[in-house]
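Shown next: work.cif, given as mmCIF, C-alpha atoms.
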data_my_file
#
loop_
_atom_site.group_PDB
_atom_site.id
_atom_site.type_symbol
_atom_site.label_atom_id
_atom_site.label_comp_id
_atom_site.auth_asym_id
_atom_site.auth_seq_id
_atom_site.Cartn_x
_atom_site.Cartn_y
_atom_site.Cartn_z
ATOM 1 C CA MET A 1145 -69.577 -70.435 -23.901
ATOM 2 C CA ILE A 1146 -69.580 -66.690 -23.271
ATOM 3 C CA TYR A 1147 -72.889 -65.199 -22.195
ATOM 4 C CA ASP A 1148 -73.763 -61.789 -23.483
ATOM 5 C CA ILE A 1149 -74.123 -59.355 -20.615
ATOM 6 C CA HIS A 1150 -76.927 -57.701 -22.601
ATOM 7 C CA ILE A 1151 -78.939 -60.972 -22.575
ATOM 8 C CA LEU A 1152 -78.342 -61.371 -18.832
ATOM 9 C CA ASN A 1153 -79.516 -57.797 -18.214
ATOM 10 C CA GLN A 1154 -82.640 -58.418 -20.279
ATOM 11 C CA CYS A 1155 -83.282 -61.596 -18.271
ATOM 12 C CA LEU A 1156 -82.879 -59.530 -15.096
ATOM 13 C CA SER A 1157 -85.633 -57.193 -16.226
ATOM 14 C CA GLY A 1158 -87.888 -60.211 -16.864
ATOM 15 C CA ASP A 1159 -87.704 -60.196 -20.683
ATOM 16 C CA ARG A 1160 -89.283 -63.510 -21.693
ATOM 17 C CA SER A 1161 -87.561 -63.815 -25.090
ATOM 18 C CA ALA A 1162 -84.132 -63.251 -23.466
ATOM 19 C CA GLN A 1163 -84.998 -65.889 -20.865
ATOM 20 C CA GLN A 1164 -85.899 -68.271 -23.678
ATOM 21 C CA THR A 1165 -82.610 -67.586 -25.477
ATOM 22 C CA LEU A 1166 -80.682 -68.322 -22.293
ATOM 23 C CA TYR A 1167 -82.756 -71.447 -21.704
ATOM 24 C CA GLN A 1168 -82.108 -72.725 -25.225
ATOM 25 C CA SER A 1169 -78.360 -72.272 -24.957
ATOM 26 C CA LEU A 1170 -77.990 -73.713 -21.452
ATOM 27 C CA SER A 1171 -80.659 -76.408 -21.205
ATOM 28 C CA PRO A 1172 -78.806 -79.245 -23.068
ATOM 29 C CA THR A 1173 -75.791 -78.923 -20.731
ATOM 30 C CA LEU A 1174 -77.884 -78.638 -17.582
ATOM 31 C CA MET A 1175 -80.230 -81.433 -18.659
ATOM 32 C CA ALA A 1176 -77.155 -83.667 -19.146
ATOM 33 C CA ILE A 1177 -76.152 -82.943 -15.535
ATOM 34 C CA CYS A 1178 -79.657 -83.633 -14.177
ATOM 35 C CA ARG A 1179 -79.847 -86.853 -16.171
ATOM 36 C CA ARG A 1180 -76.501 -88.019 -14.735
ATOM 37 C CA TYR A 1181 -77.908 -87.730 -11.221
ATOM 38 C CA LEU A 1182 -81.469 -88.846 -11.864
ATOM 39 C CA LYS A 1183 -82.373 -92.037 -13.628
ATOM 40 C CA VAL A 1184 -85.894 -91.055 -14.671
ATOM 41 C CA THR A 1185 -85.969 -88.492 -17.514
ATOM 42 C CA GLU A 1186 -89.227 -86.870 -16.309
ATOM 43 C CA GLU A 1187 -87.706 -86.386 -12.866
ATOM 44 C CA ALA A 1188 -84.591 -84.849 -14.458
ATOM 45 C CA GLU A 1189 -86.824 -82.469 -16.440
ATOM 46 C CA ASP A 1190 -88.651 -81.406 -13.258
ATOM 47 C CA ILE A 1191 -85.304 -80.567 -11.682
ATOM 48 C CA LEU A 1192 -84.253 -78.719 -14.848
ATOM 49 C CA VAL A 1193 -87.329 -76.474 -14.472
ATOM 50 C CA GLU A 1194 -86.474 -75.853 -10.806
ATOM 51 C CA THR A 1195 -82.872 -75.091 -11.794
ATOM 52 C CA PHE A 1196 -83.933 -72.416 -14.301
ATOM 53 C CA VAL A 1197 -86.413 -70.889 -11.850
ATOM 54 C CA LYS A 1198 -83.536 -70.577 -9.372
ATOM 55 C CA ILE A 1199 -81.164 -69.201 -12.024
ATOM 56 C CA PHE A 1200 -83.613 -66.434 -13.002
ATOM 57 C CA LYS A 1201 -84.468 -65.699 -9.364
ATOM 58 C CA ASN A 1202 -80.825 -65.475 -8.272
ATOM 59 C CA LEU A 1203 -79.519 -63.709 -11.369
ATOM 60 C CA PRO A 1204 -79.105 -60.385 -9.466
ATOM 61 C CA LYS A 1205 -76.706 -62.216 -7.123
ATOM 62 C CA PHE A 1206 -74.405 -63.287 -9.980
ATOM 63 C CA LYS A 1207 -71.497 -60.852 -9.800
ATOM 64 C CA ASN A 1208 -69.847 -61.611 -13.171
ATOM 65 C CA GLN A 1209 -66.887 -63.097 -11.314
ATOM 66 C CA GLY A 1210 -66.089 -66.489 -12.818
ATOM 67 C CA SER A 1211 -67.978 -68.426 -15.421
ATOM 68 C CA PHE A 1212 -71.726 -67.962 -15.712
ATOM 69 C CA GLU A 1213 -72.078 -71.509 -17.060
ATOM 70 C CA GLY A 1214 -70.136 -72.858 -14.063
ATOM 71 C CA TRP A 1215 -72.471 -70.954 -11.717
ATOM 72 C CA CYS A 1216 -75.514 -72.446 -13.471
ATOM 73 C CA LYS A 1217 -74.010 -75.952 -13.356
ATOM 74 C CA ARG A 1218 -73.483 -75.634 -9.604
ATOM 75 C CA ILE A 1219 -77.148 -74.647 -9.186
ATOM 76 C CA ALA A 1220 -78.183 -77.707 -11.241
ATOM 77 C CA VAL A 1221 -76.013 -80.054 -9.134
ATOM 78 C CA ASN A 1222 -77.380 -78.542 -5.897
ATOM 79 C CA GLU A 1223 -80.970 -78.908 -7.105
ATOM 80 C CA CYS A 1224 -80.334 -82.583 -7.952
ATOM 81 C CA LEU A 1225 -78.781 -83.162 -4.518
ATOM 82 C CA MET A 1226 -81.683 -81.450 -2.758
ATOM 83 C CA HIS A 1227 -84.121 -83.623 -4.675
ATOM 84 C CA LEU A 1228 -82.196 -86.818 -3.874
ATOM 85 C CA ARG A 1229 -81.874 -85.838 -0.230
ATOM 86 C CA LYS A 1230 -85.647 -85.326 -0.029
ATOM 87 C CA LYS A 1231 -86.162 -88.804 -1.410
ATOM 88 C CA GLN A 1232 -83.487 -90.211 0.947
ATOM 89 C CA HIS A 1233 -81.819 -92.210 -1.774
ATOM 90 C CA PHE A 1234 -78.550 -92.443 0.095
ATOM 91 C CA HIS A 1235 -79.654 -95.200 2.420
ATOM 92 C CA LEU A 1236 -80.492 -97.560 -0.407
ATOM 93 C CA SER A 1237 -77.144 -98.167 -2.029
ATOM 94 C CA ILE A 1238 -75.617 -101.056 -0.048
ATOM 95 C CA GLU A 1239 -78.673 -103.305 -0.426
ATOM 96 C CA TYR A 1240 -78.533 -102.935 -4.188
ATOM 97 C CA ALA A 1241 -74.871 -103.949 -4.418
ATOM 98 C CA GLN A 1242 -75.653 -107.375 -5.818
ATOM 99 C CA HIS A 1243 -77.758 -105.982 -8.650
ATOM 100 C CA VAL A 1244 -76.485 -107.084 -12.056
ATOM 101 C CA ALA A 1245 -76.305 -104.767 -15.015
ATOM 102 C CA GLN A 1246 -78.821 -105.609 -17.735
ATOM 103 C CA ASN A 1247 -78.075 -103.206 -20.561
ATOM 104 C CA THR A 1248 -75.255 -103.732 -22.983
ATOM 105 C CA VAL A 1249 -72.825 -100.918 -23.682
ATOM 106 C CA GLU A 1250 -69.913 -101.000 -26.039
ATOM 107 C CA ILE A 1251 -66.915 -99.444 -24.279
ATOM 108 C CA HIS A 1252 -64.430 -97.873 -26.637
ATOM 109 C CA ASP A 1253 -61.333 -95.875 -25.816
ATOM 110 C CA GLN A 1254 -63.429 -92.718 -25.610
ATOM 111 C CA MET A 1255 -66.789 -93.170 -23.968
ATOM 112 C CA SER A 1256 -69.780 -91.251 -25.278
ATOM 113 C CA TYR A 1257 -72.255 -89.433 -23.069
ATOM 114 C CA GLU A 1258 -74.941 -92.005 -23.913
ATOM 115 C CA GLU A 1259 -72.658 -94.868 -22.881
ATOM 116 C CA LEU A 1260 -71.866 -93.086 -19.636
ATOM 117 C CA ILE A 1261 -75.568 -92.577 -18.894
ATOM 118 C CA THR A 1262 -76.308 -96.257 -19.614
ATOM 119 C CA LEU A 1263 -73.644 -97.235 -17.074
ATOM 120 C CA MET A 1264 -74.797 -94.642 -14.535
ATOM 121 C CA ASP A 1265 -78.372 -95.873 -14.801
ATOM 122 C CA GLU A 1266 -77.207 -99.270 -13.598
ATOM 123 C CA LEU A 1267 -75.828 -97.810 -10.385
ATOM 124 C CA PRO A 1268 -77.973 -97.324 -7.282
ATOM 125 C CA ALA A 1269 -78.702 -93.655 -6.511
ATOM 126 C CA GLY A 1270 -76.197 -93.439 -3.644
ATOM 127 C CA TYR A 1271 -73.274 -94.839 -5.663
ATOM 128 C CA ARG A 1272 -74.203 -92.756 -8.680
ATOM 129 C CA THR A 1273 -74.416 -89.527 -6.696
ATOM 130 C CA ILE A 1274 -71.097 -89.983 -4.939
ATOM 131 C CA PHE A 1275 -69.343 -91.117 -8.128
ATOM 132 C CA ASN A 1276 -70.701 -88.045 -9.932
ATOM 133 C CA LEU A 1277 -69.687 -85.660 -7.174
ATOM 134 C CA TYR A 1278 -66.217 -87.089 -6.553
ATOM 135 C CA VAL A 1279 -65.021 -88.196 -10.000
ATOM 136 C CA ILE A 1280 -66.871 -85.844 -12.349
ATOM 137 C CA GLU A 1281 -67.544 -82.705 -10.304
ATOM 138 C CA GLY A 1282 -64.291 -82.977 -8.335
ATOM 139 C CA TYR A 1283 -65.726 -82.593 -4.821
ATOM 140 C CA LYS A 1284 -63.709 -83.793 -1.795
ATOM 141 C CA HIS A 1285 -65.120 -86.513 0.480
ATOM 142 C CA LYS A 1286 -65.524 -83.933 3.254
ATOM 143 C CA GLU A 1287 -67.617 -81.691 0.996
ATOM 144 C CA ILE A 1288 -69.719 -84.653 -0.180
ATOM 145 C CA ALA A 1289 -70.316 -85.713 3.418
ATOM 146 C CA GLU A 1290 -71.465 -82.184 4.305
ATOM 147 C CA GLN A 1291 -73.679 -81.847 1.237
ATOM 148 C CA LEU A 1292 -75.404 -85.189 1.698
ATOM 149 C CA GLY A 1293 -75.440 -85.333 5.481
ATOM 150 C CA ILE A 1294 -73.442 -88.580 5.607
ATOM 151 C CA SER A 1295 -70.075 -89.481 7.146
ATOM 152 C CA ILE A 1296 -66.783 -89.181 5.251
ATOM 153 C CA ASN A 1297 -66.285 -92.946 5.570
ATOM 154 C CA THR A 1298 -69.696 -93.629 4.007
ATOM 155 C CA SER A 1299 -68.759 -91.380 1.106
ATOM 156 C CA LYS A 1300 -65.431 -93.202 0.655
ATOM 157 C CA SER A 1301 -66.950 -96.664 0.871
ATOM 158 C CA GLN A 1302 -69.755 -95.779 -1.559
ATOM 159 C CA LEU A 1303 -67.191 -94.521 -4.052
ATOM 160 C CA ILE A 1304 -65.211 -97.775 -3.772
ATOM 161 C CA HIS A 1305 -68.421 -99.771 -4.325
ATOM 162 C CA ALA A 1306 -69.374 -97.591 -7.279
ATOM 163 C CA LYS A 1307 -65.983 -98.010 -8.939
ATOM 164 C CA ARG A 1308 -66.069 -101.757 -8.337
ATOM 165 C CA ARG A 1309 -69.519 -102.006 -9.877
ATOM 166 C CA LEU A 1310 -68.528 -99.936 -12.875
ATOM 167 C CA LYS A 1311 -65.390 -102.042 -13.371
ATOM 168 C CA VAL A 1312 -67.471 -105.229 -13.404
ATOM 169 C CA MET A 1313 -69.944 -103.678 -15.831
ATOM 170 C CA ILE A 1314 -67.221 -102.460 -18.190
ATOM 171 C CA LYS A 1315 -65.458 -105.847 -18.116
ATOM 172 C CA LYS A 1316 -68.717 -107.605 -18.777
ATOM 173 C CA LYS A 1317 -69.488 -105.411 -21.751
ATOM 174 C CA GLN A 1318 -65.993 -105.861 -23.110
ATOM 175 C CA SER A 1319 -66.170 -109.648 -22.788
ATOM 176 C CA ASN A 1320 -69.608 -109.603 -24.467
ATOM 177 C CA ARG A 1321 -68.057 -107.623 -27.293
ATOM 178 C CA ILE A 1322 -65.153 -110.063 -27.703
ATOM 179 C CA GLY A 1323 -67.330 -113.120 -27.288
ATOM 180 C CA MET B 340 -61.021 -99.055 -12.703
ATOM 181 C CA THR B 341 -58.109 -97.683 -14.704
ATOM 182 C CA ASN B 342 -57.339 -93.970 -14.814
ATOM 183 C CA ASN B 343 -57.970 -94.117 -18.543
ATOM 184 C CA GLU B 344 -61.480 -95.399 -18.017
ATOM 185 C CA LEU B 345 -62.154 -92.778 -15.365
ATOM 186 C CA GLN B 346 -60.814 -89.986 -17.557
ATOM 187 C CA SER B 347 -62.907 -91.226 -20.446
ATOM 188 C CA MET B 348 -66.005 -91.071 -18.233
ATOM 189 C CA VAL B 349 -65.141 -87.556 -17.051
ATOM 190 C CA ASN B 350 -64.690 -86.396 -20.654
ATOM 191 C CA ALA B 351 -67.995 -87.956 -21.667
ATOM 192 C CA ALA B 352 -69.764 -86.262 -18.760
ATOM 193 C CA GLN B 353 -68.205 -82.846 -19.300
ATOM 194 C CA GLY B 354 -68.973 -82.723 -22.998
ATOM 195 C CA GLY B 355 -72.384 -84.296 -22.522
ATOM 196 C CA LYS B 356 -75.529 -82.666 -23.822
ATOM 197 C CA SER B 357 -79.074 -83.897 -23.555
ATOM 198 C CA GLN B 358 -81.984 -82.124 -25.189
ATOM 199 C CA PRO B 359 -85.028 -81.779 -22.914
ATOM 200 C CA THR B 360 -88.492 -82.222 -24.453
ATOM 201 C CA PRO B 361 -90.108 -79.010 -25.842
ATOM 202 C CA GLN B 362 -92.764 -79.177 -23.104
ATOM 203 C CA VAL B 363 -90.128 -78.290 -20.495
ATOM 204 C CA TRP B 364 -89.935 -74.685 -21.737
ATOM 205 C CA ASP B 365 -93.753 -74.398 -21.595
ATOM 206 C CA ARG B 366 -93.695 -75.652 -18.005
ATOM 207 C CA LEU B 367 -90.904 -73.261 -17.114
ATOM 208 C CA GLU B 368 -92.750 -70.356 -18.736
ATOM 209 C CA SER B 369 -95.976 -71.037 -16.856
ATOM 210 C CA ARG B 370 -93.957 -71.429 -13.644
ATOM 211 C CA LEU B 371 -92.243 -68.073 -14.224
ATOM 212 C CA ASP B 372 -95.647 -66.482 -14.954
ATOM 213 C CA SER B 373 -97.198 -67.836 -11.776
ATOM 214 C CA ASP B 374 -94.157 -66.725 -9.755
ATOM 215 C CA PHE B 375 -94.506 -63.245 -11.282
ATOM 216 C CA LYS B 376 -98.230 -63.174 -10.389
ATOM 217 C CA ASP B 377 -97.468 -64.324 -6.836
ATOM 218 C CA LYS B 378 -94.859 -61.595 -6.537
ATOM 219 C CA LYS B 379 -97.359 -59.007 -7.836
ATOM 220 C CA ILE B 380 -100.044 -60.200 -5.399
ATOM 221 C CA LYS B 381 -97.561 -60.060 -2.518
ATOM 222 C CA LEU B 382 -96.542 -56.548 -3.575
ATOM 223 C CA LEU B 383 -100.190 -55.442 -3.740
ATOM 224 C CA THR B 384 -100.908 -56.937 -0.306
ATOM 225 C CA LEU B 385 -97.854 -55.167 1.072
ATOM 226 C CA GLN B 386 -99.003 -51.904 -0.531
ATOM 227 C CA LYS B 387 -102.464 -52.300 1.039
ATOM 228 C CA LYS B 388 -100.934 -52.997 4.454
ATOM 229 C CA LEU B 389 -98.651 -49.975 4.159
ATOM 230 C CA LEU B 390 -101.599 -47.822 3.120
ATOM 231 C CA ALA B 391 -103.629 -49.051 6.106
ATOM 232 C CA ILE B 392 -100.712 -48.327 8.466
ATOM 233 C CA ALA B 393 -100.257 -44.864 6.924
ATOM 234 C CA SER B 394 -103.991 -44.098 7.338
ATOM 235 C CA CYS B 395 -103.889 -45.240 10.965
ATOM 236 C CA LEU B 396 -100.860 -43.045 11.590
ATOM 237 C CA LEU B 397 -102.585 -40.086 9.919
ATOM 238 C CA ILE B 398 -105.741 -40.556 12.007
ATOM 239 C CA ALA B 399 -103.648 -40.888 15.165
ATOM 240 C CA THR B 400 -101.643 -37.742 14.303
ATOM 241 C CA VAL B 401 -104.823 -35.731 13.604
ATOM 242 C CA ALA B 402 -106.325 -36.985 16.872
ATOM 243 C CA VAL B 403 -103.216 -36.047 18.859
ATOM 244 C CA ILE B 404 -103.024 -32.589 17.246
ATOM 245 C CA GLY B 405 -106.753 -32.040 17.863
ATOM 246 C CA PHE B 406 -106.464 -33.139 21.459
ATOM 247 C CA SER B 407 -103.433 -30.959 22.143
ATOM 248 C CA THR B 408 -105.101 -27.918 20.484
ATOM 249 C CA GLN B 409 -108.216 -28.461 22.596
ATOM 250 C CA GLN B 410 -106.020 -28.831 25.657
ATOM 251 C CA SER B 411 -104.192 -25.565 24.974
ATOM 252 C CA VAL B 412 -107.512 -23.769 24.325
ATOM 253 C CA ASN B 413 -108.848 -25.121 27.626
ATOM 254 C CA ASP B 414 -105.634 -24.153 29.412
ATOM 255 C CA SER B 415 -105.691 -20.604 28.096
ATOM 256 C CA PHE B 416 -109.401 -20.302 28.946
ATOM 257 C CA GLU B 417 -108.743 -21.558 32.456
ATOM 258 C CA GLN B 418 -105.809 -19.214 32.846
ATOM 259 C CA SER B 419 -107.856 -16.201 31.701
ATOM 260 C CA SER B 420 -110.800 -17.042 33.962
ATOM 261 C CA LEU B 421 -108.405 -17.596 36.845
ATOM 262 C CA ALA B 422 -106.919 -14.211 36.133
ATOM 263 C CA LYS B 423 -110.372 -12.704 36.177
ATOM 264 C CA THR B 424 -111.216 -14.408 39.442
ATOM 265 C CA GLN B 425 -107.982 -13.196 40.988
ATOM 266 C CA GLN B 426 -108.796 -9.668 39.864
ATOM 267 C CA THR B 427 -112.334 -9.662 41.284
ATOM 268 C CA PRO B 428 -111.614 -8.980 45.008
ATOM 269 C CA SER B 429 -109.519 -5.884 44.268
ATOM 270 C CA ASN B 430 -112.137 -4.691 41.743
ATOM 271 C CA LEU B 431 -114.833 -5.275 44.293
ATOM 272 C CA TYR B 432 -112.739 -3.427 46.833
ATOM 273 C CA ASP B 433 -112.361 -0.535 44.368
ATOM 274 C CA VAL B 434 -116.100 -0.491 43.685
ATOM 275 C CA HIS B 435 -116.735 -0.573 47.397
ATOM 276 C CA ASN B 436 -114.346 2.341 47.969
ATOM 277 C CA VAL B 437 -115.865 4.392 45.135
ATOM 278 C CA ARG B 438 -119.354 3.924 46.585
ATOM 279 C CA LYS B 439 -118.039 4.851 50.020
ATOM 280 C CA LEU B 440 -116.410 7.992 48.670
ATOM 281 C CA ASN B 441 -119.565 8.900 46.717
ATOM 282 C CA ARG B 442 -121.594 8.617 49.884
ATOM 283 C CA ILE B 443 -119.158 10.859 51.751
ATOM 284 C CA TYR B 444 -119.194 13.504 49.061
ATOM 285 C CA ASN B 445 -122.931 13.334 48.614
#
Please go through the file and, once you have read it, give me the structure as structure tokens.
Amino acid sequence: MIYDIHILNQCLSGDRSAQQTLYQSLSPTLMAICRRYLKVTEEAEDILVETFVKIFKNLPKFKNQGSFEGWCKRIAVNECLMHLRKKQHFHLSIEYAQHVAQNTVEIHDQMSYEELITLMDELPAGYRTIFNLYVIEGYKHKEIAEQLGISINTSKSQLIHAKRRLKVMIKKKQSNRIG
Amino acid sequence: MTNNELQSMVNAAQGGKSQPTPQVWDRLESRLDSDFKDKKIKLLTLQKKLLAIASCLLIATVAVIGFSTQQSVNDSFEQSSLAKTQQTPSNLYDVHNVRKLNRIYN
């Protein structure tokens, strides 16, 4: 999506209707990101508000180099990580490894966003965060370790656990479908 | 997990959209308003502080100028009175001589 420089300039001068236009065009994408990281919708909405406050505050720093949407997505991911770090979710993951998925999801060749979210919701916060960062956002383990304040090995092991859990969940859903 | 499954998840995530509730915009708007008010209050406080500093500087400058003017007036007064004092003995001598001469002539 290309963002009109005129709208961005209006947002810079504090024009509320321009800010609302930008919010309406960006919020579904950014909300989808927040929801991928945070299980509770209300929590994801709180972080969405924080993300937009930061976007409007830091708009003068955006130099029109690269995608504006990409810049906003990075802010959303960082806000989610900051929130998770505050809640110290990353120490919880191993203990939840035996948790069994409850919801049923039909896995087809192409997964929908809703199916993805249903699977993600079954993962503990630590697994979910690292899976999101590594597989979906494309971060390296070193970057994840720095962002979350954990070791590279923890990041790697959490990713392995996350993939294993997802594999079990997908298999289970598929066998439910066949059975 | 197969690469296919992973790719399918990545595609789902990248194309994903989720509509927030309408109340989120209201919350954001009130947050932006309160941030704007805070900014305005901070700006006003800063203005007041700057004004106070400027007044202090003005008072200090006026005081310094006043003091230095007074000092120069005092200095020039002292210098002139000193000059007068230094002149007095010779004047007195002259007066004394004139009286002496008057007496001789009279």
Can you build me a table of chain B residues sitting at most 7 Å from chain A, with the closest atom pair per residue and its distance in Å to one decimal, using only C-alpha atoms, sorted by chain and residue number, as CSV?
residue,atom,partner,partner_atom,distance
B:Met340,CA,A:Lys1311,CA,5.3
B:Ser347,CA,A:Gln1254,CA,5.4
B:Met348,CA,A:Met1255,CA,6.2
B:Val349,CA,A:Ile1280,CA,5.3
B:Ala351,CA,A:Tyr1257,CA,4.7
B:Ala352,CA,A:Tyr1257,CA,5.9
B:Gly355,CA,A:Tyr1257,CA,5.2
B:Lys356,CA,A:Pro1172,CA,4.8
B:Ser357,CA,A:Pro1172,CA,4.7
B:Gln358,CA,A:Pro1172,CA,4.8
B:Pro359,CA,A:Met1175,CA,6.4
B:Val363,CA,A:Glu1189,CA,6.7
B:Leu367,CA,A:Val1193,CA,5.5
B:Leu371,CA,A:Val1197,CA,6.9
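Straight-line separation from atom CA of Ile1274 of chain A to atom CA of Ser1211 of chain A: 24.2 Å.
You will find atom CA of Ala1306 of chain A at 7.2 Å from atom CA of Leu1267 of chain A.
Interatomic distance, atom CA of Lys1217 of chain A against atom CA of Leu1182 of chain A: 15.0 Å.
Using only C-alpha atoms, the smallest distance between any of A:Lys1230, A:Gln1318, A:Glu1213, A:Pro1268 and His1305 of chain A comes from A:Pro1268.
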